[in-house]
$ cat structure_17.cif   # mmCIF, C-alpha atoms and all ligand atoms
data_entry
#
loop_
_atom_site.label_atom_id
_atom_site.label_comp_id
_atom_site.auth_asym_id
_atom_site.auth_seq_id
_atom_site.Cartn_x
_atom_site.Cartn_y
_atom_site.Cartn_z
CA MET A 1 86.46 -68.47 -83.36
CA LEU A 2 90.09 -69.33 -82.62
CA LYS A 3 90.46 -72.97 -81.60
CA LYS A 4 92.65 -73.25 -78.54
CA THR A 5 95.06 -76.16 -78.90
CA GLN A 6 97.92 -75.30 -76.55
CA PHE A 7 97.13 -75.65 -72.85
CA ILE A 8 99.12 -74.56 -69.80
CA LYS A 9 99.37 -78.01 -68.23
CA ASP A 10 101.28 -79.26 -71.29
CA LEU A 11 103.80 -76.42 -71.55
CA LYS A 12 107.42 -77.45 -71.17
CA GLU A 13 110.63 -75.48 -70.92
CA LYS A 14 111.78 -74.09 -74.29
CA ASP A 15 108.33 -74.56 -75.89
CA PHE A 16 107.24 -71.80 -78.23
CA VAL A 17 103.96 -70.37 -77.01
CA GLU A 18 101.36 -69.35 -79.57
CA SER A 19 98.01 -69.43 -77.88
CA PRO A 20 95.28 -67.36 -76.23
CA PHE A 21 95.04 -67.12 -72.43
CA LEU A 22 92.92 -65.34 -69.83
CA ILE A 23 94.79 -62.76 -67.76
CA LYS A 24 94.29 -63.53 -64.08
CA PHE A 25 96.66 -60.92 -62.73
CA CYS A 26 98.78 -58.15 -64.16
CA SER A 27 101.06 -55.52 -62.66
CA THR A 28 103.82 -53.24 -63.88
CA SER A 29 107.05 -52.77 -61.94
CA ILE A 30 110.38 -51.06 -62.45
CA GLY A 31 113.37 -53.39 -62.81
CA LYS A 32 116.84 -52.90 -61.31
CA ASN A 33 117.91 -51.44 -64.66
CA GLY A 34 115.27 -48.70 -64.30
CA LYS A 35 113.13 -50.12 -67.14
CA PRO A 36 109.48 -51.10 -66.62
CA PHE A 37 108.43 -54.76 -66.92
CA MET A 38 105.11 -56.52 -66.59
CA ASN A 39 104.35 -59.40 -64.31
CA LEU A 40 101.34 -61.53 -65.31
CA ILE A 41 99.52 -64.69 -64.33
CA LEU A 42 97.89 -66.34 -67.34
CA MET A 43 95.27 -69.03 -67.03
CA ASP A 44 93.22 -71.46 -69.04
CA LYS A 45 91.03 -74.36 -67.99
CA SER A 46 94.10 -76.54 -67.39
CA GLY A 47 96.00 -74.29 -64.97
CA GLU A 48 97.96 -71.12 -64.43
CA VAL A 49 101.42 -69.91 -65.40
CA GLU A 50 103.48 -66.83 -64.66
CA ALA A 51 104.54 -64.59 -67.51
CA ARG A 52 106.73 -61.52 -68.04
CA ILE A 53 106.86 -58.77 -70.61
CA TRP A 54 110.27 -57.13 -70.77
CA ASP A 55 110.05 -55.15 -74.01
CA ASP A 56 107.69 -52.42 -75.30
CA VAL A 57 105.96 -52.34 -71.90
CA PRO A 58 104.25 -48.90 -72.40
CA ASN A 59 102.46 -50.37 -75.45
CA TYR A 60 100.93 -53.16 -73.37
CA VAL A 61 99.94 -51.34 -70.18
CA GLY A 62 96.37 -50.61 -71.36
CA LEU A 63 95.99 -53.96 -73.16
CA ALA A 64 97.19 -56.50 -70.62
CA VAL A 65 94.51 -56.14 -67.96
CA LYS A 66 92.82 -58.65 -65.68
CA ASP A 67 89.87 -60.56 -67.23
CA SER A 68 91.06 -59.94 -70.81
CA ILE A 69 91.55 -62.85 -73.15
CA VAL A 70 94.72 -62.24 -75.14
CA TRP A 71 96.70 -63.93 -77.83
CA VAL A 72 100.26 -64.56 -76.63
CA ASP A 73 103.42 -65.22 -78.61
CA GLY A 74 106.40 -66.14 -76.45
CA ARG A 75 108.67 -68.79 -75.07
CA CYS A 76 108.31 -70.98 -72.00
CA GLN A 77 111.33 -71.05 -69.70
CA SER A 78 112.11 -72.34 -66.26
CA TYR A 79 112.68 -69.72 -63.58
CA GLN A 80 113.47 -70.79 -59.99
CA GLY A 81 111.95 -74.21 -60.71
CA ARG A 82 108.73 -72.78 -62.09
CA ARG A 83 107.57 -72.35 -65.64
CA GLN A 84 107.39 -68.80 -66.89
CA ILE A 85 106.39 -67.44 -70.29
CA VAL A 86 108.46 -64.60 -71.68
CA ILE A 87 105.99 -62.77 -73.90
CA SER A 88 107.21 -61.25 -77.16
CA ARG A 89 103.79 -60.18 -78.44
CA LEU A 90 100.35 -59.84 -76.91
CA GLN A 91 97.05 -58.98 -78.56
CA ILE A 92 93.50 -58.58 -77.18
CA LEU A 93 90.91 -60.98 -78.61
CA ARG A 94 87.31 -60.03 -79.39
CA GLU A 95 84.35 -61.82 -77.76
CA GLU A 96 83.56 -63.81 -80.90
CA GLU A 97 87.14 -65.12 -81.13
CA PHE A 98 87.08 -67.38 -78.05
CA ASP A 99 84.97 -69.86 -76.12
CA LEU A 100 85.10 -68.88 -72.45
CA LYS A 101 84.90 -72.54 -71.39
CA ASP A 102 88.50 -73.02 -72.58
CA TYR A 103 89.73 -70.52 -70.00
CA LEU A 104 87.87 -71.28 -66.76
CA ALA A 105 88.88 -74.19 -64.55
CA ALA A 106 86.06 -76.71 -64.37
CA GLY A 107 85.36 -79.59 -62.02
CA THR A 108 85.11 -83.10 -63.37
CA LEU A 109 81.49 -83.48 -62.26
CA ASP A 110 78.44 -82.37 -64.22
CA ALA A 111 76.51 -79.44 -62.72
CA ASP A 112 73.05 -80.85 -63.53
CA ALA A 113 73.93 -84.27 -62.11
CA LEU A 114 75.27 -82.66 -58.93
CA TYR A 115 72.16 -80.55 -58.62
CA LEU A 116 69.93 -83.64 -58.90
CA GLN A 117 71.89 -85.24 -56.04
CA LEU A 118 71.31 -82.13 -53.96
CA VAL A 119 67.58 -82.24 -54.68
CA GLU A 120 67.49 -85.91 -53.59
CA PHE A 121 68.87 -84.87 -50.18
CA VAL A 122 66.13 -82.21 -49.94
CA LYS A 123 63.43 -84.75 -50.88
CA GLY A 124 64.59 -87.06 -48.07
CA MET A 125 64.05 -84.42 -45.36
CA THR A 126 61.14 -84.95 -42.96
CA ASP A 127 60.84 -81.84 -40.77
CA PRO A 128 58.19 -79.71 -42.56
CA TYR A 129 59.82 -76.38 -41.61
CA TYR A 130 63.38 -77.34 -42.47
CA LYS A 131 62.25 -79.04 -45.68
CA ALA A 132 60.20 -76.03 -46.81
CA LEU A 133 63.21 -73.78 -46.16
CA ALA A 134 65.51 -76.05 -48.19
CA GLU A 135 62.98 -76.21 -51.04
CA ALA A 136 62.48 -72.44 -51.06
CA VAL A 137 66.23 -71.84 -51.42
CA LEU A 138 67.43 -74.78 -53.49
CA CYS A 139 64.45 -75.77 -55.64
CA GLU A 140 62.24 -72.71 -56.13
CA ASP A 141 64.64 -69.80 -56.50
CA SER A 142 65.87 -69.84 -60.09
CA GLU A 143 68.48 -67.11 -59.47
CA ILE A 144 70.07 -69.20 -56.71
CA VAL A 145 69.91 -72.44 -58.72
CA GLY A 146 71.50 -70.76 -61.76
CA LYS A 147 74.34 -69.31 -59.69
CA LEU A 148 74.84 -72.55 -57.74
CA LYS A 149 75.49 -74.47 -60.94
CA ARG A 150 78.35 -72.10 -61.82
CA ALA A 151 79.88 -70.76 -58.61
CA PRO A 152 83.30 -71.88 -57.40
CA ALA A 153 83.67 -72.41 -53.65
CA ALA A 154 86.70 -70.15 -53.36
CA LYS A 155 89.23 -68.00 -55.22
CA SER A 156 92.01 -70.50 -54.68
CA VAL A 157 91.95 -72.65 -51.55
CA HIS A 158 89.48 -75.46 -52.32
CA HIS A 159 86.93 -76.35 -55.01
CA ALA A 160 88.23 -73.27 -56.85
CA TYR A 161 86.61 -74.05 -60.19
CA THR A 162 83.26 -73.74 -61.96
CA THR A 163 80.55 -75.67 -60.01
CA GLY A 164 83.01 -76.19 -57.14
CA LEU A 165 80.57 -74.82 -54.56
CA LEU A 166 77.82 -77.24 -55.59
CA GLU A 167 80.33 -80.13 -55.58
CA HIS A 168 81.38 -79.12 -52.05
CA MET A 169 77.74 -78.88 -50.87
CA VAL A 170 76.84 -82.29 -52.28
CA SER A 171 79.99 -83.91 -50.89
CA ILE A 172 79.41 -82.47 -47.42
CA SER A 173 75.72 -83.40 -47.48
CA GLY A 174 76.65 -87.00 -48.30
CA ILE A 175 79.07 -87.17 -45.36
CA LEU A 176 76.56 -85.50 -43.01
CA ASN A 177 73.93 -88.02 -44.06
CA LEU A 178 76.33 -90.90 -43.24
CA LEU A 179 77.09 -89.36 -39.84
CA ALA A 180 73.37 -88.96 -39.10
CA ASN A 181 72.95 -92.71 -39.81
CA HIS A 182 76.03 -93.55 -37.74
CA TYR A 183 75.14 -91.55 -34.63
CA GLY A 184 71.37 -92.06 -34.79
CA LYS A 185 68.96 -90.15 -32.61
CA ILE A 186 71.49 -87.85 -30.93
CA LEU A 187 71.67 -85.88 -34.19
CA ASP A 188 69.03 -83.99 -36.17
CA ARG A 189 69.60 -85.13 -39.76
CA ASP A 190 67.57 -82.34 -41.35
CA LEU A 191 69.38 -79.65 -39.37
CA LEU A 192 72.73 -81.18 -40.34
CA LEU A 193 71.71 -81.16 -44.01
CA LEU A 194 70.68 -77.50 -43.81
CA GLY A 195 74.16 -76.82 -42.44
CA GLY A 196 75.63 -78.62 -45.46
CA PHE A 197 73.39 -76.69 -47.88
CA PHE A 198 73.57 -73.21 -46.38
CA HIS A 199 76.94 -72.84 -44.65
CA ASP A 200 78.63 -71.47 -47.77
CA ILE A 201 75.62 -70.49 -49.88
CA GLY A 202 76.43 -66.80 -49.41
CA LYS A 203 79.43 -67.43 -51.67
CA ILE A 204 77.19 -67.25 -54.74
CA TRP A 205 77.10 -63.49 -54.05
CA GLU A 206 80.37 -63.15 -52.13
CA LEU A 207 82.33 -64.07 -55.25
CA SER A 208 82.17 -62.94 -58.88
CA TYR A 209 82.94 -65.69 -61.34
CA ASP A 210 82.00 -64.57 -64.85
CA ARG A 211 85.74 -64.65 -65.64
CA VAL A 212 88.56 -64.58 -63.07
CA THR A 213 87.12 -65.43 -59.64
CA ASP A 214 87.26 -62.49 -57.25
CA TYR A 215 85.43 -61.05 -54.26
CA THR A 216 82.47 -58.75 -54.90
CA THR A 217 82.06 -55.53 -52.94
CA GLU A 218 79.32 -57.26 -50.90
CA GLY A 219 81.67 -60.17 -50.32
CA LYS A 220 84.45 -57.89 -49.10
CA LEU A 221 82.21 -55.79 -46.86
CA VAL A 222 79.74 -58.38 -45.54
CA GLY A 223 81.03 -61.91 -46.29
CA HIS A 224 79.34 -65.24 -46.92
CA LEU A 225 78.47 -66.12 -43.30
CA VAL A 226 76.35 -63.02 -42.77
CA MET A 227 74.98 -63.22 -46.32
CA GLY A 228 73.89 -66.81 -45.62
CA VAL A 229 72.08 -65.76 -42.43
CA GLU A 230 70.39 -62.89 -44.28
CA LEU A 231 69.18 -65.38 -46.89
CA VAL A 232 67.76 -67.68 -44.20
CA ASP A 233 65.91 -64.73 -42.63
CA ARG A 234 64.52 -63.57 -45.96
CA LYS A 235 63.36 -67.01 -47.06
CA ILE A 236 61.67 -67.73 -43.73
CA ARG A 237 59.81 -64.41 -43.96
CA GLU A 238 58.71 -65.27 -47.50
CA LEU A 239 57.55 -68.75 -46.42
CA GLU A 240 55.55 -67.32 -43.53
CA ALA A 241 53.87 -64.89 -45.92
CA GLN A 242 52.58 -67.75 -48.10
CA THR A 243 49.23 -69.00 -46.84
CA GLY A 244 49.26 -72.70 -45.97
CA ARG A 245 52.92 -73.18 -46.91
CA LEU A 246 54.03 -73.99 -43.35
CA PRO A 247 52.12 -75.87 -40.60
CA GLY A 248 52.47 -72.68 -38.48
CA PRO A 249 54.90 -69.83 -37.86
CA PHE A 250 58.50 -70.98 -38.37
CA PRO A 251 59.63 -72.06 -34.86
CA VAL A 252 62.03 -69.47 -33.46
CA GLU A 253 64.55 -71.99 -32.11
CA LYS A 254 64.71 -73.88 -35.39
CA LYS A 255 65.47 -70.60 -37.15
CA LEU A 256 68.17 -69.75 -34.60
CA LEU A 257 69.77 -73.18 -34.96
CA VAL A 258 69.96 -72.90 -38.76
CA LYS A 259 71.55 -69.45 -38.43
CA HIS A 260 73.93 -70.77 -35.79
CA LEU A 261 75.15 -73.56 -38.09
CA VAL A 262 75.96 -70.98 -40.77
CA LEU A 263 77.64 -68.54 -38.36
CA ALA A 264 79.67 -71.20 -36.54
CA HIS A 265 80.93 -73.20 -39.52
CA HIS A 266 84.42 -71.64 -39.55
CA GLY A 267 84.81 -72.94 -36.01
CA SER A 268 86.44 -70.01 -34.24
CA LEU A 269 86.65 -66.25 -34.16
CA GLU A 270 90.15 -66.46 -35.57
CA PHE A 271 88.79 -68.01 -38.79
CA GLY A 272 85.87 -65.61 -39.17
CA SER A 273 83.05 -67.22 -37.22
CA PRO A 274 81.37 -64.78 -34.82
CA LYS A 275 80.21 -67.80 -32.78
CA GLU A 276 81.98 -71.04 -31.97
CA PRO A 277 79.87 -74.19 -32.45
CA HIS A 278 77.43 -74.53 -29.54
CA CYS A 279 75.52 -77.64 -30.59
CA LEU A 280 76.59 -81.04 -31.94
CA GLU A 281 75.25 -80.36 -35.42
CA ALA A 282 77.21 -77.09 -35.67
CA LEU A 283 80.39 -78.82 -34.48
CA ILE A 284 79.94 -81.61 -37.03
CA VAL A 285 79.23 -79.22 -39.92
CA HIS A 286 82.39 -77.30 -39.01
CA LYS A 287 84.55 -80.46 -38.85
CA VAL A 288 83.13 -81.96 -42.05
CA ASP A 289 83.49 -78.63 -43.88
CA ASP A 290 87.14 -78.50 -42.85
CA LEU A 291 87.66 -82.13 -43.87
CA ASP A 292 86.02 -81.79 -47.27
CA SER A 293 87.87 -78.60 -48.15
CA LYS A 294 91.23 -80.13 -47.13
CA VAL A 295 90.65 -83.39 -49.05
CA ASN A 296 89.86 -81.35 -52.15
CA SER A 297 92.70 -78.84 -51.86
CA ILE A 298 95.39 -81.41 -51.00
CA SER A 299 94.33 -83.83 -53.73
CA LYS A 300 94.38 -81.00 -56.32
CA PHE A 301 97.78 -79.89 -55.01
CA ILE A 302 99.18 -83.42 -55.35
CA GLU A 303 97.64 -83.81 -58.80
CA ALA A 304 99.15 -80.55 -60.06
CA ASP A 305 102.59 -81.07 -58.52
CA LEU A 306 105.46 -81.05 -61.04
CA ASN A 307 108.25 -82.34 -58.80
CA PRO A 308 109.80 -85.57 -60.03
CA GLY A 309 109.55 -88.51 -57.64
CA ARG A 310 107.26 -89.43 -54.79
CA TRP A 311 107.19 -86.14 -52.88
CA THR A 312 105.46 -82.89 -53.71
CA ALA A 313 106.91 -79.42 -53.35
CA LEU A 314 106.22 -77.71 -50.02
CA HIS A 315 102.53 -77.09 -49.37
CA ARG A 316 102.82 -73.62 -47.87
CA ASN A 317 99.49 -73.48 -46.01
CA MET A 318 99.96 -76.93 -44.49
CA GLU A 319 103.74 -76.49 -44.05
CA ARG A 320 104.60 -79.99 -45.20
CA PHE A 321 105.46 -82.12 -48.22
CA PHE A 322 102.94 -84.72 -49.39
CA TYR A 323 103.62 -88.26 -50.55
CA LYS A 324 102.39 -88.85 -54.10
CA PRO A 325 100.42 -92.08 -54.62
CA ASP A 326 100.61 -93.94 -57.93
CA TRP A 327 97.70 -92.03 -59.50
CA ALA A 328 99.64 -88.78 -59.11
CA LEU A 329 102.86 -89.93 -60.80
CA ARG A 330 103.34 -88.56 -64.28
CA ASP A 331 105.84 -86.95 -66.60
CA SER A 332 106.91 -83.54 -65.38
CA PRO A 333 106.06 -80.77 -67.87
CA ILE A 334 109.26 -79.01 -66.72
CA ASN A 335 111.82 -81.67 -67.45
CA GLY A 336 109.86 -84.22 -69.45
CA SER A 337 111.40 -86.99 -67.37
CA GLU A 338 109.68 -90.07 -66.04
CA ASN A 339 108.47 -89.46 -62.49
CA LYS A 340 108.02 -93.02 -61.36
CA VAL A 341 110.58 -94.34 -58.90
FE FE A 401 82.71 -70.84 -45.29
FE FE A 402 82.43 -74.91 -46.87
#

$ encode --input "structure_17.cif" --output "structure tokens" --more "lines below"
Ligand SMILES: [Fe+2]
Ligand SMILES: [Fe+2]
Amino acid sequence: MLKKTQFIKDLKEKDFVESPFLIKFCSTSIGKNGKPFMNLILMDKSGEVEARIWDDVPNYVGLAVKDSIVWVDGRCQSYQGRRQIVISRLQILREEEFDLKDYLAAGTLDADALYLQLVEFVKGMTDPYYKALAEAVLCEDSEIVGKLKRAPAAKSVHHAYTTGLLEHMVSISGILNLLANHYGKILDRDLLLLGGFFHDIGKIWELSYDRVTDYTTEGKLVGHLVMGVELVDRKIRELEAQTGRLPGPFPVEKKLLVKHLVLAHHGSLEFGSPKEPHCLEALIVHKVDDLDSKVNSISKFIEADLNPGRWTALHRNMERFFYKPDWALRDSPINGSENKV
């Protein structure tokens, strides 16, 4: 096993690079001089960096492919304000030569601890139908539990790391629980919690995450909202088939409300929801989902920013610069200078 000691977050301009990386993206293009070159994105658990291969490109076309872990010799340079590795040599590593954990971004929270928090929310539910549905999905289905402990919540936008989906579910469930306390009897706490648990659960099949996170064929063709509704349907059918498991047939309106919370959580047709929120719980799940994903994505953006000083580079999705609080000030890997002002 090759011990990985050089990580992307620490790379500075002019550093020699001698380290393995996971290939996230790779394409071959023809340069202005008519010669082919390769454009790559390399990743490890600390981040991502662009890379180029200018020489001997035909030799590397079959080797440098997405999901491969490769040894890279090269030099880090700054190109248009971003770090870029110019690769002089690249070699495929065998399975026994690396530990995959070094290459996949991970959250800071422990999967088992997060899962226990999720189970505590389930235990606190009181509606026998909603609780049985939550238990069937989150406590009794080992395939789902196994995937939940690993799945990211997205390819890139928010919680885009191992166990990110579970972190997002637990975070949202905590906020929903607070809102149920705050607003009292106008809200159905158990229904809100099911919205927190199930709104994105289809992502465990929508995405593949054994190596580089990507969409599965089912994810591309069906998507996590419909997959979540299909799961709810299937689990309710299974519960109804178990003698004595439910006090009676699963009430039709309860089933429709759970499905509605899943279908409406993106808030509008424009963002992929076939239904806009039509009950308070659906509206709240949508708003809290949006809040939690933005808090995560903006905080990660600020944390990863390399600009010196108090302001980040432009956040393209949000079309604004963000102010960096003290916790985000650090030496820039590009220029090695002190960021504090
Ligand atoms: Fe979603
Ligand atoms: Fe979500």

$ atom_distance --input "structure_17.cif" --atom1 "CA of Met169 (chain A)" --atom2 "CA of Ser297 (chain A)"
15.0 Å

$ residues_near_ligand --input "structure_17.cif" --ligand "ligand FE 402 (chain A)" --cutoff "8 Å" --atoms "only C-alpha atoms and all ligand atoms" --output "MDAnalysis selection string"
chainID A and resid 153 165 168:169 196 199:200 265 289:290 292:293

$ write_last_selection --input "structure_17.cif" --atoms "C-alpha atoms" --output "short mmCIF file (atom, residue, chain, number, x, y, z; two decimals), in the coordinates of the input"
data_model
loop_
_atom_site.label_atom_id
_atom_site.label_comp_id
_atom_site.auth_asym_id
_atom_site.auth_seq_id
_atom_site.Cartn_x
_atom_site.Cartn_y
_atom_site.Cartn_z
CA ALA A 153 83.67 -72.41 -53.65
CA LEU A 165 80.57 -74.82 -54.56
CA HIS A 168 81.38 -79.12 -52.05
CA MET A 169 77.74 -78.88 -50.87
CA GLY A 196 75.63 -78.62 -45.46
CA HIS A 199 76.94 -72.84 -44.65
CA ASP A 200 78.63 -71.47 -47.77
CA HIS A 265 80.93 -73.20 -39.52
CA ASP A 289 83.49 -78.63 -43.88
CA ASP A 290 87.14 -78.50 -42.85
CA ASP A 292 86.02 -81.79 -47.27
CA SER A 293 87.87 -78.60 -48.15
#

$ closest_atom_pairs --input "structure_17.cif" --of "chain A" --to "ligand FE 401 (chain A)" --cutoff "10 Å" --atoms "only C-alpha atoms and all ligand atoms" --output "Markdown table"
| residue | atom | partner | partner_atom | distance |
| --- | --- | --- | --- | --- |
| A:Ala153 | CA | A:FE401 | FE | 8.6 |
| A:Ala154 | CA | A:FE401 | FE | 9.0 |
| A:Phe198 | CA | A:FE401 | FE | 9.5 |
| A:His199 | CA | A:FE401 | FE | 6.1 |
| A:Asp200 | CA | A:FE401 | FE | 4.8 |
| A:Ile201 | CA | A:FE401 | FE | 8.5 |
| A:Gly202 | CA | A:FE401 | FE | 8.5 |
| A:Lys203 | CA | A:FE401 | FE | 7.9 |
| A:Gly223 | CA | A:FE401 | FE | 9.1 |
| A:His224 | CA | A:FE401 | FE | 6.7 |
| A:Leu225 | CA | A:FE401 | FE | 6.6 |
| A:Gly228 | CA | A:FE401 | FE | 9.7 |
| A:Val262 | CA | A:FE401 | FE | 8.1 |
| A:Leu263 | CA | A:FE401 | FE | 8.9 |
| A:Ala264 | CA | A:FE401 | FE | 9.3 |
| A:His265 | CA | A:FE401 | FE | 6.5 |
| A:His266 | CA | A:FE401 | FE | 6.0 |
| A:Gly267 | CA | A:FE401 | FE | 9.7 |
| A:Phe271 | CA | A:FE401 | FE | 9.3 |
| A:Gly272 | CA | A:FE401 | FE | 8.6 |
| A:Ser273 | CA | A:FE401 | FE | 8.9 |
| A:His286 | CA | A:FE401 | FE | 9.0 |
| A:Asp289 | CA | A:FE401 | FE | 8.0 |
| A:Asp290 | CA | A:FE401 | FE | 9.2 |
| A:Ser293 | CA | A:FE401 | FE | 9.7 |

$ closest_residue --input "structure_17.cif" --among "A:Glu218, A:Asp210, A:Glu140, A:Asp102" --to "Leu239 (chain A)" --atoms "all atoms listed in the file"
A:Glu140

$ atom_distance --input "structure_17.cif" --atom1 "CA of Trp54 (chain A)" --atom2 "CA of Leu306 (chain A)"
26.3 Å

$ closest_residue --input "structure_17.cif" --among "A:Leu207, A:Leu178, A:Leu100, A:Ala113" --to "Pro152 (chain A)" --atoms "all atoms listed in the file"
A:Leu207

$ closest_residue --input "structure_17.cif" --among "A:Lys287, A:Arg89, A:Arg245, A:Arg320" --to "Leu261 (chain A)" --atoms "all atoms listed in the file"
A:Lys287

$ residues_around --input "structure_17.cif" --residues "Ile30 (chain A)" --least-positions-apart "5" --cutoff "12 Å" --atoms "all atoms listed in the file" --output "CSV table (one decimal) with C-alpha atoms, in the frame of the given file"
chain,number,residue,atom,x,y,z
A,35,LYS,CA,113.1,-50.1,-67.1
A,36,PRO,CA,109.5,-51.1,-66.6
A,37,PHE,CA,108.4,-54.8,-66.9
A,38,MET,CA,105.1,-56.5,-66.6
A,39,ASN,CA,104.4,-59.4,-64.3
A,53,ILE,CA,106.9,-58.8,-70.6
A,54,TRP,CA,110.3,-57.1,-70.8
A,57,VAL,CA,106.0,-52.3,-71.9
A,58,PRO,CA,104.2,-48.9,-72.4

$ closest_residue --input "structure_17.cif" --among "A:Val65, A:Val70, A:Met227, A:Leu2" --to "Glu97 (chain A)" --atoms "all atoms listed in the file"
A:Leu2

$ axis_aligned_box --input "structure_17.cif" --around "region 257-262 of chain A" --padding-each-side "8 Å" --output "JSON"
{"center_x": 72.9, "center_y": -71.5, "center_z": -37.9, "size_x": 22.2, "size_y": 20.1, "size_z": 21.8}

$ decode --input "structure_17.cif" --residues "region 265-283 of chain A" --atoms "N, CA and C atoms" --output "short mmCIF file (atom, residue, chain, number, x, y, z; two decimals), in the first residue's frame"
data_model
loop_
_atom_site.label_atom_id
_atom_site.label_comp_id
_atom_site.auth_asym_id
_atom_site.auth_seq_id
_atom_site.Cartn_x
_atom_site.Cartn_y
_atom_site.Cartn_z
N HIS A 265 -40.87 19.16 -2.39
CA HIS A 265 -39.78 19.76 -1.60
C HIS A 265 -38.85 20.67 -2.41
N HIS A 266 -38.87 20.59 -3.72
CA HIS A 266 -38.06 21.55 -4.50
C HIS A 266 -38.80 22.87 -4.72
N GLY A 267 -40.05 22.92 -4.30
CA GLY A 267 -40.76 24.19 -4.20
C GLY A 267 -41.51 24.68 -5.42
N SER A 268 -41.00 24.38 -6.61
CA SER A 268 -41.66 24.88 -7.82
C SER A 268 -41.32 23.98 -9.00
N LEU A 269 -42.14 24.11 -10.03
CA LEU A 269 -41.92 23.30 -11.23
C LEU A 269 -40.55 23.56 -11.81
N GLU A 270 -40.17 24.83 -11.77
CA GLU A 270 -38.88 25.26 -12.32
C GLU A 270 -37.70 24.50 -11.71
N PHE A 271 -37.82 24.12 -10.43
CA PHE A 271 -36.73 23.41 -9.76
C PHE A 271 -37.01 21.91 -9.62
N GLY A 272 -37.95 21.41 -10.42
CA GLY A 272 -38.11 19.96 -10.51
C GLY A 272 -39.22 19.36 -9.68
N SER A 273 -39.98 20.17 -8.96
CA SER A 273 -41.11 19.61 -8.21
C SER A 273 -42.35 19.59 -9.11
N PRO A 274 -43.00 18.43 -9.25
CA PRO A 274 -44.22 18.41 -10.06
C PRO A 274 -45.39 19.10 -9.36
N LYS A 275 -45.28 19.28 -8.05
CA LYS A 275 -46.32 19.99 -7.29
C LYS A 275 -45.67 21.05 -6.40
N GLU A 276 -46.28 22.23 -6.35
CA GLU A 276 -45.83 23.22 -5.38
C GLU A 276 -46.38 22.84 -4.01
N PRO A 277 -45.76 23.30 -2.91
CA PRO A 277 -46.26 22.92 -1.58
C PRO A 277 -47.71 23.38 -1.37
N HIS A 278 -48.55 22.44 -0.96
CA HIS A 278 -49.97 22.73 -0.75
C HIS A 278 -50.41 22.48 0.69
N CYS A 279 -49.46 22.32 1.59
CA CYS A 279 -49.83 22.28 3.01
C CYS A 279 -48.65 22.89 3.77
N LEU A 280 -48.91 23.31 5.01
CA LEU A 280 -47.85 24.00 5.78
C LEU A 280 -46.61 23.14 5.93
N GLU A 281 -46.81 21.87 6.20
CA GLU A 281 -45.64 20.99 6.42
C GLU A 281 -44.78 20.91 5.16
N ALA A 282 -45.44 20.84 4.00
CA ALA A 282 -44.67 20.77 2.74
C ALA A 282 -43.91 22.07 2.49
N LEU A 283 -44.56 23.19 2.81
CA LEU A 283 -43.89 24.49 2.64
C LEU A 283 -42.67 24.59 3.54
#
